[in-house]
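Peer 1: Dropping the structure in here first, questions after.
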Amino acid sequence: MRNICVVGTGYVGLVTGACFADLGNRVTCLDINQEKIDRLNQGIMPIYEPGLEELVERNVKAGRLVFTTEHAVALEDAAFVFICVGTPSGVDGEADLRYVREVAESIADIVNHPIVIINKSTVPVGTGDWVADVIRKRRGDNDLQFWVVSNPEFLREGAAISDFMSPDRVVLGSLDQEAANKVAQLYLSLRCPIVVTDLRTAEMIKYASNAFLATRISFINEIANICEELGADVREVATGMGYDKRIGRAFLDAGLGWGGSCFPKDVKALAHMAVLHGTHPQLLQAVMDINRNQRRRVVMKLRRALDTLDDKVIGILGLSFKPNTDDIREAPALEIIHLLQNEGAAVRAYDPAAMEVASAELRNVTLCEDPYQVAEGADALLLATEWNEFKHLDFERIHQVMRRPIIMDGRNLWNREWLTFLGFTYFGVGQGIYVNE
Ligand code: UGA
């Protein structure tokens, strides 16, 4: 059993803490937000993540997982401290490191035993060295034995626990091979490839991975738009491409583009780092532009289908940036709603998990109880998030209650033949020439 302190109880921290506890370690999760810690101590999760509540409950009961706001308690006998705090984007896309600095300073102030500091927050290349500097400066002559290891996370929201327990790989970066090996021991039971490299390379692997995945999505969205003009079907293009082992099928689903707390922030931060160091991240810029245009394009398609958006009623199904999460950060649906409202449309919306968070964010949107209520009186229905519960809707009922039977399937979830048979005008993404439908 090892003593682990995890700082930050967001997605990454909470999942990391609960999973390490489940692997038999003694874990203390530390957060400065008293209310969050109080709620966690009552078993209330701050986020919606399948399986997390049960995992936390089991490990708290077993005495392996505790939550606190007391730095001294959490760091007292920790052999490992994982930094999992937020790194919000500044105006130019640069990562704001104030929370990482605060953690480094608390370690310097409190810890007096050898400790391995592992950074899981997504931070600019070079931050690991900077953390070491912050600690050294703060300690002055009072030397502390510590090692900094970069251990980027590759968890997906909605699948975070299984991603932690069955990772494709674990990446560890350190100037000290022994420190990296100690951290590798924590992951050995997961039986996955472990890549040990230097600090900066590990930090770059994280950015490059997210930027590459975002690039794949923007690529297929660009192909989808060309398919629409040329009369090809992007879904079959992706399937046909995906059988090539060098390409693969994952992350080639055309739609409304990528959102969430990671891709937008990380691609922007990587481009910012590139510019700052004198290189021209042309591809990254294009990847971001395509993503922005994808949201505008669906609004343009709606405008064309309805002649004008002024005074039209648009129903939106799904608000979260992807299914199985209540996270609406950078969600395509939100930007699309603003664009529609700017053109005078009235918006009705429903999401299986994100209604509460969305209600705080959205203005003048009629939030409905289910998809059928959304469809009532709507001139068009737009699917923005492909939740499972939207897969098999009663479209005959929907047809009856809509003012005009227009479906904009932003995630290519539904069967075009069936919907056109029922009398809908159906638009997908990249499914052949849309203007003639
Ligand atoms: C992403 C990465 O997949 C994780 O590996 C990484 O750890 C995480 O960011 C992070 O940096 O913390 P996540 O943001 O949870 O995870 O979501 P994804 O499942 O990657 O989806 C991102 C966006 O791309 C969603 O808006 C989704 O709808 C969109 N997407 C995904 C597509 O439009 N098409 C696809 O084919 C796949």
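Just so we're on the same page: first chain in the structure tokens is A, next is B, and so on; residues restart at 1 for each chain, and ligands are numbered from 1 in the order they show up.
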Counting only C-alpha atoms and all ligand atoms, which protein, DNA or RNA residues come within 7 Å of ligand 1, given as an NGL selection string?
Peer 2: :A and (153-158 or 210 or 214 or 217 or 250-263 or 321-322 or 331)
Peer 1: Enumerate, as a PyMOL selection string, the complete set of residues in region 315-436 of chain A that a backbone-based DSSP assignment places in alpha helix (DSSP H).
Peer 2: chain A and resi 332-342+355-361+371-375+395-401+416-421
Peer 1: Please compute the CA of Gly432 (chain A)-CA of Asp233 (chain A) distance, one decimal, in Å.
Peer 2: 5.4 Å
Peer 1: Applying 9 Å and only C-alpha atoms, which residues near region 173-176 of chain A remain after dropping the ones on its own chain fewer than 4 positions away? List them as number ranges by chain.
Peer 2: A: 128, 147-152, 180-181, 195-203
Peer 1: Among the residues of region 245-382 of chain A, find those DSSP assigns to strand (DSSP E or B) from the backbone and print them as a ChimeraX atom specification.
Peer 2: /A:313-317,346-350,365-367,380-382
Peer 1: Take the residues just selected and output them with N, CA and C atoms as a PDB file, in the first residue's frame.
Peer 2:
```
ATOM      1  N   VAL A 313     -39.064  28.526 -34.930  1.00  0.00           N
ATOM      2  CA  VAL A 313     -38.837  27.803 -33.677  1.00  0.00           C
ATOM      3  C   VAL A 313     -37.934  26.606 -33.972  1.00  0.00           C
ATOM      4  N   ILE A 314     -36.774  26.570 -33.302  1.00  0.00           N
ATOM      5  CA  ILE A 314     -35.842  25.458 -33.543  1.00  0.00           C
ATOM      6  C   ILE A 314     -35.721  24.627 -32.266  1.00  0.00           C
ATOM      7  N   GLY A 315     -35.935  23.325 -32.409  1.00  0.00           N
ATOM      8  CA  GLY A 315     -35.795  22.407 -31.277  1.00  0.00           C
ATOM      9  C   GLY A 315     -34.394  21.814 -31.286  1.00  0.00           C
ATOM     10  N   ILE A 316     -33.744  21.784 -30.128  1.00  0.00           N
ATOM     11  CA  ILE A 316     -32.383  21.243 -30.055  1.00  0.00           C
ATOM     12  C   ILE A 316     -32.390  20.021 -29.145  1.00  0.00           C
ATOM     13  N   LEU A 317     -31.902  18.899 -29.648  1.00  0.00           N
ATOM     14  CA  LEU A 317     -31.775  17.706 -28.814  1.00  0.00           C
ATOM     15  C   LEU A 317     -30.310  17.512 -28.454  1.00  0.00           C
ATOM     16  N   ALA A 346     -36.473  31.302 -32.082  1.00  0.00           N
ATOM     17  CA  ALA A 346     -36.778  30.899 -30.704  1.00  0.00           C
ATOM     18  C   ALA A 346     -36.281  29.466 -30.542  1.00  0.00           C
ATOM     19  N   VAL A 347     -35.669  29.170 -29.387  1.00  0.00           N
ATOM     20  CA  VAL A 347     -35.053  27.846 -29.223  1.00  0.00           C
ATOM     21  C   VAL A 347     -35.701  27.088 -28.077  1.00  0.00           C
ATOM     22  N   ARG A 348     -36.000  25.810 -28.343  1.00  0.00           N
ATOM     23  CA  ARG A 348     -36.482  24.872 -27.313  1.00  0.00           C
ATOM     24  C   ARG A 348     -35.438  23.782 -27.218  1.00  0.00           C
ATOM     25  N   ALA A 349     -35.161  23.276 -26.013  1.00  0.00           N
ATOM     26  CA  ALA A 349     -34.068  22.302 -25.918  1.00  0.00           C
ATOM     27  C   ALA A 349     -34.279  21.292 -24.801  1.00  0.00           C
ATOM     28  N   TYR A 350     -33.618  20.147 -24.972  1.00  0.00           N
ATOM     29  CA  TYR A 350     -33.635  19.096 -23.935  1.00  0.00           C
ATOM     30  C   TYR A 350     -32.309  18.332 -23.969  1.00  0.00           C
ATOM     31  N   VAL A 365     -34.098  30.347 -23.543  1.00  0.00           N
ATOM     32  CA  VAL A 365     -34.293  29.049 -24.195  1.00  0.00           C
ATOM     33  C   VAL A 365     -35.383  28.318 -23.406  1.00  0.00           C
ATOM     34  N   THR A 366     -36.353  27.753 -24.107  1.00  0.00           N
ATOM     35  CA  THR A 366     -37.381  26.980 -23.406  1.00  0.00           C
ATOM     36  C   THR A 366     -36.829  25.585 -23.144  1.00  0.00           C
ATOM     37  N   LEU A 367     -36.567  25.291 -21.873  1.00  0.00           N
ATOM     38  CA  LEU A 367     -36.016  23.970 -21.539  1.00  0.00           C
ATOM     39  C   LEU A 367     -37.178  22.996 -21.338  1.00  0.00           C
ATOM     40  N   ALA A 380     -38.026  23.187 -37.080  1.00  0.00           N
ATOM     41  CA  ALA A 380     -36.958  22.225 -37.402  1.00  0.00           C
ATOM     42  C   ALA A 380     -36.438  21.657 -36.096  1.00  0.00           C
ATOM     43  N   LEU A 381     -35.938  20.412 -36.177  1.00  0.00           N
ATOM     44  CA  LEU A 381     -35.387  19.740 -34.998  1.00  0.00           C
ATOM     45  C   LEU A 381     -33.919  19.446 -35.296  1.00  0.00           C
ATOM     46  N   LEU A 382     -33.032  19.931 -34.432  1.00  0.00           N
ATOM     47  CA  LEU A 382     -31.595  19.707 -34.648  1.00  0.00           C
ATOM     48  C   LEU A 382     -31.048  18.772 -33.585  1.00  0.00           C
TER      49      LEU A 382
END
```
Peer 1: Might you pull out every residue within 10 Å of Arg191 (chain A), with only C-alpha atoms counted and same-chain residues fewer than 5 positions away left off, and present them as an NGL selection string?
Peer 2: :A and (165-170)
Peer 1: Which value, in Å to one decimal, gives the distance between CA of Asn291 (chain A) and CA of Ser218 (chain A)?
Peer 2: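 The value is 6.0 Å.
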Peer 1: Just to confirm, what's the straight-line distance from CA of Ile406 (chain A) to CA of Leu302 (chain A) in Å (one decimal)?
Peer 2: 9.0 Å
Peer 1: Do a neighbour search on Arg416 (chain A) at 8 Å with only C-alpha atoms, toss out local chain neighbours closer than 4 positions, and write the hits as a ChimeraX atom specification.
Peer 2: /A:420,426,428
Peer 1: Report as a tab-separated table the residues of region 215-327 of chain A within 12 Å of region 360-363 of chain A, each with its shortest atom pair and distance in Å (one decimal), using only C-alpha atoms, ordered by chain and increasing residue number.
Peer 2:
```
residue	atom	partner	partner_atom	distance
A:Leu319	CA	A:Leu362	CA	10.4
A:Ser320	CA	A:Glu361	CA	12.0
A:Asp327	CA	A:Glu361	CA	11.7
```
Peer 1: Find the residues around region 50-66 of chain A up to 8 Å (only C-alpha atoms counted), leave out those fewer than 3 positions away in its own chain, and share them as an MDAnalysis selection string.
Peer 2: chainID A and resid 15 17:19 21:22 24:29 41 43:45 158:159 161 324
Peer 1: Using the selection just defined, write its residues with N, CA and C atoms as an mmCIF file, in the first residue's frame.
Peer 2:
```
data_model
loop_
_atom_site.group_PDB
_atom_site.id
_atom_site.type_symbol
_atom_site.label_atom_id
_atom_site.label_comp_id
_atom_site.auth_asym_id
_atom_site.auth_seq_id
_atom_site.Cartn_x
_atom_site.Cartn_y
_atom_site.Cartn_z
ATOM 1 N N VAL A 15 -11.202 10.982 -10.504
ATOM 2 C CA VAL A 15 -11.100 9.656 -11.123
ATOM 3 C C VAL A 15 -9.758 9.021 -10.757
ATOM 4 N N GLY A 17 -7.855 9.636 -8.123
ATOM 5 C CA GLY A 17 -7.847 9.282 -6.701
ATOM 6 C C GLY A 17 -8.653 8.018 -6.439
ATOM 7 N N ALA A 18 -9.876 7.980 -6.969
ATOM 8 C CA ALA A 18 -10.747 6.831 -6.712
ATOM 9 C C ALA A 18 -10.156 5.554 -7.319
ATOM 10 N N CYS A 19 -9.570 5.665 -8.503
ATOM 11 C CA CYS A 19 -9.016 4.460 -9.156
ATOM 12 C C CYS A 19 -7.769 3.963 -8.434
ATOM 13 N N ALA A 21 -7.165 4.318 -5.319
ATOM 14 C CA ALA A 21 -7.649 3.717 -4.072
ATOM 15 C C ALA A 21 -8.159 2.303 -4.364
ATOM 16 N N ASP A 22 -8.875 2.176 -5.482
ATOM 17 C CA ASP A 22 -9.427 0.865 -5.847
ATOM 18 C C ASP A 22 -8.327 -0.151 -6.137
ATOM 19 N N GLY A 24 -5.848 -0.423 -4.348
ATOM 20 C CA GLY A 24 -5.308 -0.827 -3.047
ATOM 21 C C GLY A 24 -4.438 0.207 -2.355
ATOM 22 N N ASN A 25 -4.325 1.408 -2.911
ATOM 23 C CA ASN A 25 -3.497 2.442 -2.278
ATOM 24 C C ASN A 25 -4.308 3.256 -1.274
ATOM 25 N N ARG A 26 -3.600 3.903 -0.354
ATOM 26 C CA ARG A 26 -4.267 4.851 0.549
ATOM 27 C C ARG A 26 -4.212 6.220 -0.091
ATOM 28 N N VAL A 27 -5.365 6.794 -0.401
ATOM 29 C CA VAL A 27 -5.389 8.031 -1.175
ATOM 30 C C VAL A 27 -6.103 9.148 -0.400
ATOM 31 N N THR A 28 -5.480 10.315 -0.369
ATOM 32 C CA THR A 28 -6.151 11.492 0.190
ATOM 33 C C THR A 28 -6.355 12.494 -0.941
ATOM 34 N N CYS A 29 -7.603 12.871 -1.173
ATOM 35 C CA CYS A 29 -7.896 13.874 -2.211
ATOM 36 C C CYS A 29 -8.041 15.231 -1.545
ATOM 37 N N ASN A 41 -17.729 14.183 0.934
ATOM 38 C CA ASN A 41 -17.787 13.408 2.176
ATOM 39 C C ASN A 41 -19.185 12.867 2.443
ATOM 40 N N GLY A 43 -20.908 11.769 -0.067
ATOM 41 C CA GLY A 43 -21.123 10.848 -1.187
ATOM 42 C C GLY A 43 -21.745 11.510 -2.402
ATOM 43 N N ILE A 44 -21.750 12.867 -2.439
ATOM 44 C CA ILE A 44 -22.345 13.564 -3.597
ATOM 45 C C ILE A 44 -21.229 13.970 -4.564
ATOM 46 N N MET A 45 -21.341 13.488 -5.809
ATOM 47 C CA MET A 45 -20.284 13.739 -6.799
ATOM 48 C C MET A 45 -20.441 15.132 -7.425
ATOM 49 N N GLY A 158 -16.964 10.487 -19.496
ATOM 50 C CA GLY A 158 -17.994 9.506 -19.820
ATOM 51 C C GLY A 158 -17.446 8.089 -19.870
ATOM 52 N N ALA A 159 -16.127 7.954 -20.012
ATOM 53 C CA ALA A 159 -15.508 6.615 -20.038
ATOM 54 C C ALA A 159 -14.237 6.654 -19.208
ATOM 55 N N ILE A 161 -13.334 5.986 -16.074
ATOM 56 C CA ILE A 161 -12.882 4.906 -15.190
ATOM 57 C C ILE A 161 -12.301 3.751 -16.006
ATOM 58 N N ASN A 324 -23.160 11.081 -22.467
ATOM 59 C CA ASN A 324 -22.695 10.519 -21.189
ATOM 60 C C ASN A 324 -21.932 11.487 -20.321
#
```
Peer 1: Residues near Ala104 (chain A), anyone? I mean within 12 Å using only C-alpha atoms, not counting same-chain ones fewer than 3 positions away, as a ChimeraX atom specification.
Peer 2: /A:7,71,75,81-85,97-101,107-111,115-119,127-139,146-148
Peer 1: Restricting the calculation to only C-alpha atoms, which member of A:Ala305, A:Leu14, A:Val357, A:Ile337 is positioned closest to Met408 (chain A)?
Peer 2: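 Among A:Ala305, A:Leu14, A:Val357, A:Ile337, it is A:Ala305 that comes nearest to Met408 (chain A).
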Peer 1: Between A:Ile194, A:Phe219, A:Tyr48, A:Ile32, which is the closest to Asp326 (chain A) once you count only C-alpha atoms?
Peer 2: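 Comparing A:Ile194, A:Phe219, A:Tyr48, A:Ile32 against Asp326 (chain A), the winner is A:Tyr48.
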Peer 1: Return the single residue from A:Leu188, A:Val123, A:Arg2, A:Asn412 that is closest to Arg235 (chain A), with distances computed using only C-alpha atoms.
Peer 2: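 The shortest atom-to-atom distance to Arg235 (chain A) comes from A:Asn412.
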